[in-house]
Amino acid sequence: MDEAQLRSMAASDPPGDVWPTLREVLPFLGSADQELRDELAFAILADWVHERDLLEPHELRELLAFALSGDGLRHGIGESDTDTVFARSFAALVVALVLAVDNRTPFLTREELAGVLDALLDYAGSERDLRGFVRDKGWAHAAAHVADAFDECVRSRFAGATESRLVVDALCSLATRSTEVFTAEEDERIATPLAAAVELGKLTLPQVLGGLEGQGGRVQRINRNHIARSLYFRLDRPDELLPLVAWAPGEEG
């Protein structure tokens with residue numbers, strides 16, 4: 001499939017046999033061209049997979065396998081400031097799409113969900129490129145995208161306290177490992193699954209806040225503080241959150 005065919009597809013109704021066509025769209029998720037990646041390829045996937053629910057369970061499993069593969073989450077893993085981040089980051093969004101379908105119309109087994117969670121945890125711990133918006137190339141946004149996938153994990157019927165705690169630790173680790181202050185609303189996206197864990201009764205708020213504690217430089221403290229502020233406005237628990245929200249990060253050291 002070339003760029004002209006992709007643009008034509010985005011402007012057309014889905015074909016009768018959707019999955020073979022979507023397979024040809026997938027390579028564009030790793031493009032450094034924002035239009036091809038965000039506005040065309042991912043938009044088509046989100047529409048056909050999530051909004052229109054056009055894939056059968058076995059096709060959704062194939063899509064999930066692609067997202068977790070060396071062409072998806074593992075593509076160029078460990079690199080930083082290279083274009084491989086787009087394939088990884090948008091693969092995380094594909095995982096979120098598939099899990100959202102499963103949360104709405106269950107088809108995955110407990111073992112399959114556990115495998116997906118393990119892959120996401122491994123990815124979150126291995127990702128070294130946490131850029132938000134990349135000039136001339138658009139959103140990389142790995143921290144935000146994997147947070148979206150983790151949100152669907154927390155909401156899964158198979159996720160309990162153990163799984164939710166693993167998600168909290170992974171997301172807080174992203175905030176701690178980042179060498180830059182989050183400026184592209186990553187804190188909001190990270191706060192979403194943290195809030196869901198509390199709202200769904202899978203973790204207590206003190207358990208979630210425990211993940212935000214720890215040492216670090218000024219950047220890391222600011223990121224954790226911003227996540228706490230996002231939680232403050234999502235949860236009706238001001239007395240427990242106010243001390244952390246009111247704390248002003250000091251200088252690095």
# chains A, B, ... in the order shown; residues from 1 in each chain; ligands from 1
call {"tool": "residues_around", "arguments": {"residues": "Val154 in chain A", "least_positions_apart": "4", "cutoff": "8 Å", "atoms": "only C-alpha atoms", "output": "NGL selection string"}}
result
:A and (150 or 159-160 or 163-164 or 167 or 193 or 196-197)
call {"tool": "residues_around", "arguments": {"residues": "Ala114 in chain A", "least_positions_apart": "3", "cutoff": "12 Å", "atoms": "only C-alpha atoms", "output": "list in words"}}
result
Leu99, Leu108, Thr109, Arg110, Glu111, Leu117, Asp118, Ala119, Leu120, Leu121, Cys153, Val154, Ser156, Arg157, Phe158, Ala159, Gly160, Thr162, Glu163, Ser164 and Leu166 of chain A
call {"tool": "write_last_selection", "arguments": {"atoms": "N, CA and C atoms", "output": "JSON list (two decimals), in the first residue's frame"}}
result
[["chain", "number", "residue", "atom", "x", "y", "z"],
["A", 99, "LEU", "N", -7.72, -3.88, 23.91],
["A", 99, "LEU", "CA", -8.21, -4.13, 25.27],
["A", 99, "LEU", "C", -9.52, -3.42, 25.54],
["A", 108, "LEU", "N", -10.84, -12.14, 25.34],
["A", 108, "LEU", "CA", -9.54, -12.61, 25.81],
["A", 108, "LEU", "C", -9.68, -13.48, 27.06],
["A", 109, "THR", "N", -8.75, -14.41, 27.24],
["A", 109, "THR", "CA", -8.72, -15.22, 28.44],
["A", 109, "THR", "C", -7.87, -14.52, 29.51],
["A", 110, "ARG", "N", -7.97, -15.02, 30.73],
["A", 110, "ARG", "CA", -7.16, -14.48, 31.81],
["A", 110, "ARG", "C", -5.66, -14.60, 31.48],
["A", 111, "GLU", "N", -5.28, -15.72, 30.90],
["A", 111, "GLU", "CA", -3.88, -15.94, 30.56],
["A", 111, "GLU", "C", -3.43, -14.96, 29.47],
["A", 117, "LEU", "N", -0.28, -7.76, 29.85],
["A", 117, "LEU", "CA", 0.20, -6.93, 30.94],
["A", 117, "LEU", "C", 1.71, -7.09, 31.12],
["A", 118, "ASP", "N", 2.20, -8.32, 31.04],
["A", 118, "ASP", "CA", 3.64, -8.55, 31.16],
["A", 118, "ASP", "C", 4.40, -7.80, 30.07],
["A", 119, "ALA", "N", 3.87, -7.84, 28.84],
["A", 119, "ALA", "CA", 4.53, -7.17, 27.73],
["A", 119, "ALA", "C", 4.54, -5.66, 27.92],
["A", 120, "LEU", "N", 3.44, -5.10, 28.41],
["A", 120, "LEU", "CA", 3.38, -3.66, 28.66],
["A", 120, "LEU", "C", 4.32, -3.25, 29.78],
["A", 121, "LEU", "N", 4.39, -4.06, 30.84],
["A", 121, "LEU", "CA", 5.29, -3.76, 31.94],
["A", 121, "LEU", "C", 6.74, -3.78, 31.47],
["A", 153, "CYS", "N", -5.96, -2.08, 30.99],
["A", 153, "CYS", "CA", -5.60, -3.24, 31.82],
["A", 153, "CYS", "C", -6.26, -3.16, 33.19],
["A", 154, "VAL", "N", -6.18, -2.01, 33.83],
["A", 154, "VAL", "CA", -6.76, -1.84, 35.16],
["A", 154, "VAL", "C", -8.27, -2.10, 35.12],
["A", 156, "SER", "N", -9.83, -4.12, 33.25],
["A", 156, "SER", "CA", -10.16, -5.49, 32.86],
["A", 156, "SER", "C", -10.80, -6.26, 33.99],
["A", 157, "ARG", "N", -11.70, -7.15, 33.65],
["A", 157, "ARG", "CA", -12.36, -8.03, 34.62],
["A", 157, "ARG", "C", -11.35, -8.95, 35.30],
["A", 158, "PHE", "N", -10.18, -9.13, 34.67],
["A", 158, "PHE", "CA", -9.17, -10.03, 35.23],
["A", 158, "PHE", "C", -8.16, -9.31, 36.12],
["A", 159, "ALA", "N", -8.21, -8.00, 36.18],
["A", 159, "ALA", "CA", -7.22, -7.24, 36.96],
["A", 159, "ALA", "C", -7.71, -7.07, 38.39],
["A", 160, "GLY", "N", -6.84, -7.42, 39.31],
["A", 160, "GLY", "CA", -7.13, -7.21, 40.73],
["A", 160, "GLY", "C", -6.10, -6.31, 41.35],
["A", 162, "THR", "N", -3.17, -7.05, 42.67],
["A", 162, "THR", "CA", -1.79, -7.35, 42.27],
["A", 162, "THR", "C", -1.46, -6.72, 40.94],
["A", 163, "GLU", "N", -2.34, -6.91, 39.96],
["A", 163, "GLU", "CA", -2.10, -6.35, 38.63],
["A", 163, "GLU", "C", -2.11, -4.83, 38.67],
["A", 164, "SER", "N", -3.04, -4.27, 39.43],
["A", 164, "SER", "CA", -3.14, -2.81, 39.51],
["A", 164, "SER", "C", -1.91, -2.19, 40.16],
["A", 166, "LEU", "N", 1.11, -3.38, 40.03],
["A", 166, "LEU", "CA", 2.18, -3.43, 39.03],
["A", 166, "LEU", "C", 2.06, -2.26, 38.05]]
call {"tool": "closest_residue", "arguments": {"among": "A:Asp47, A:Asp122, A:Glu188, A:Glu112", "to": "His145 in chain A", "atoms": "only C-alpha atoms"}}
result
A:Glu188
call {"tool": "residues_around", "arguments": {"residues": "range 136-141 of chain A", "least_positions_apart": "5", "cutoff": "7 Å", "atoms": "only C-alpha atoms", "output": "list of chain:residue names"}}
result
A:Ala32, A:Asp33, A:Gln34, A:Val85, A:Phe86, A:Ser89, A:Leu130, A:Arg131
call {"tool": "write_last_selection", "arguments": {"atoms": "N, CA and C atoms", "output": "PDB file, in the first residue's frame"}}
result
ATOM      1  N   ALA A  32       7.477   8.469  10.396  1.00  0.00           N
ATOM      2  CA  ALA A  32       7.833   9.743  11.031  1.00  0.00           C
ATOM      3  C   ALA A  32       7.001  10.890  10.473  1.00  0.00           C
ATOM      4  N   ASP A  33       6.096  10.581   9.562  1.00  0.00           N
ATOM      5  CA  ASP A  33       5.193  11.580   8.986  1.00  0.00           C
ATOM      6  C   ASP A  33       3.917  11.608   9.822  1.00  0.00           C
ATOM      7  N   GLN A  34       3.664  12.728  10.483  1.00  0.00           N
ATOM      8  CA  GLN A  34       2.527  12.823  11.392  1.00  0.00           C
ATOM      9  C   GLN A  34       1.199  12.558  10.702  1.00  0.00           C
ATOM     10  N   VAL A  85      10.727   5.325  17.947  1.00  0.00           N
ATOM     11  CA  VAL A  85       9.773   5.538  19.038  1.00  0.00           C
ATOM     12  C   VAL A  85       8.340   5.546  18.547  1.00  0.00           C
ATOM     13  N   PHE A  86       8.114   5.993  17.320  1.00  0.00           N
ATOM     14  CA  PHE A  86       6.744   6.086  16.831  1.00  0.00           C
ATOM     15  C   PHE A  86       6.106   4.706  16.696  1.00  0.00           C
ATOM     16  N   SER A  89       5.425   3.531  20.367  1.00  0.00           N
ATOM     17  CA  SER A  89       4.390   4.299  21.049  1.00  0.00           C
ATOM     18  C   SER A  89       3.010   4.040  20.465  1.00  0.00           C
ATOM     19  N   LEU A 130      11.151   9.317  25.981  1.00  0.00           N
ATOM     20  CA  LEU A 130       9.920   9.821  26.577  1.00  0.00           C
ATOM     21  C   LEU A 130       9.578  11.220  26.071  1.00  0.00           C
ATOM     22  N   ARG A 131       9.991  11.515  24.845  1.00  0.00           N
ATOM     23  CA  ARG A 131       9.638  12.803  24.259  1.00  0.00           C
ATOM     24  C   ARG A 131       8.125  12.902  24.068  1.00  0.00           C
TER      25      ARG A 131
END
call {"tool": "residues_around", "arguments": {"residues": "Ala175 in chain A", "least_positions_apart": "5", "cutoff": "8 Å", "atoms": "only C-alpha atoms", "output": "ChimeraX atom specification"}}
result
/A:220,223-224
call {"tool": "residues_around", "arguments": {"residues": "Pro57 in chain A", "least_positions_apart": "2", "cutoff": "10 Å", "atoms": "only C-alpha atoms", "output": "PyMOL selection string"}}
result
chain A and resi 54-55+59-63+98+101-102+105-108
call {"tool": "write_last_selection", "arguments": {"atoms": "C-alpha atoms", "output": "compact mmCIF listing (two decimals), in the first residue's frame"}}
result
# COMPACT_ATOMS: atom_id res chain seq x y z
CA LEU A 54 -15.34 -4.71 12.56
CA LEU A 55 -12.80 -7.36 13.56
CA GLU A 59 -8.34 -11.02 13.96
CA LEU A 60 -8.11 -8.90 17.11
CA ARG A 61 -5.66 -11.45 18.49
CA GLU A 62 -3.54 -11.11 15.34
CA LEU A 63 -3.61 -7.34 15.70
CA VAL A 98 -7.86 -4.07 21.48
CA VAL A 101 -12.88 -3.87 22.73
CA ASP A 102 -12.29 -6.77 25.13
CA THR A 105 -17.20 -7.40 24.54
CA PRO A 106 -15.01 -10.00 26.30
CA PHE A 107 -13.00 -12.40 24.19
CA LEU A 108 -9.54 -12.61 25.81
call {"tool": "select_by_dssp", "arguments": {"residues": "range 27-170 of chain A", "states": "alpha helix (DSSP H)", "output": "number ranges by chain"}}
result
A: 34, 43-45, 57-68, 84-104, 110-126, 142-154, 161-170
call {"tool": "atom_distance", "arguments": {"atom1": "CA of Leu113 in chain A", "atom2": "CA of Ala92 in chain A"}}
result
14.3 Å
call {"tool": "residues_around", "arguments": {"residues": "Leu174 in chain A", "least_positions_apart": "6", "cutoff": "8 Å", "atoms": "only C-alpha atoms", "output": "PyMOL selection string"}}
result
chain A and resi 124-125+143
call {"tool": "residues_around", "arguments": {"residues": "Leu68 in chain A", "least_positions_apart": "5", "cutoff": "8 Å", "atoms": "only C-alpha atoms", "output": "list in words"}}
result
Leu73, Arg74, Ala91, Val95, Val116 and Ala119 of chain A
call {"tool": "closest_residue", "arguments": {"among": "A:Lys202, A:His58, A:Arg7, A:Arg23", "to": "Leu45 in chain A", "atoms": "only C-alpha atoms"}}
result
A:Arg23
call {"tool": "closest_residue", "arguments": {"among": "A:Leu235, A:Ala144, A:Ala149, A:Leu171", "to": "Leu200 in chain A", "atoms": "only C-alpha atoms"}}
result
A:Leu235
call {"tool": "closest_residue", "arguments": {"among": "A:Thr82, A:Asp129, A:Arg88, A:Trp19", "to": "Gly70 in chain A", "atoms": "only C-alpha atoms"}}
result
A:Arg88
call {"tool": "select_by_dssp", "arguments": {"residues": "range 48-204 of chain A", "states": "strand (DSSP E or B)", "output": "list in words"}}
result
Phe133, Val134, Gly138 and Trp139 of chain A
call {"tool": "closest_residue", "arguments": {"among": "A:Thr183, A:Asn225, A:Thr84, A:Ser12", "to": "Leu29 in chain A", "atoms": "only C-alpha atoms"}}
result
A:Thr84
call {"tool": "atom_distance", "arguments": {"atom1": "CA of Ser8 in chain A", "atom2": "CA of Leu93 in chain A"}}
result
23.0 Å
call {"tool": "closest_residue", "arguments": {"among": "A:Pro27, A:Gly115, A:Gly76, A:Gly211", "to": "Ile227 in chain A", "atoms": "only C-alpha atoms"}}
result
A:Gly211
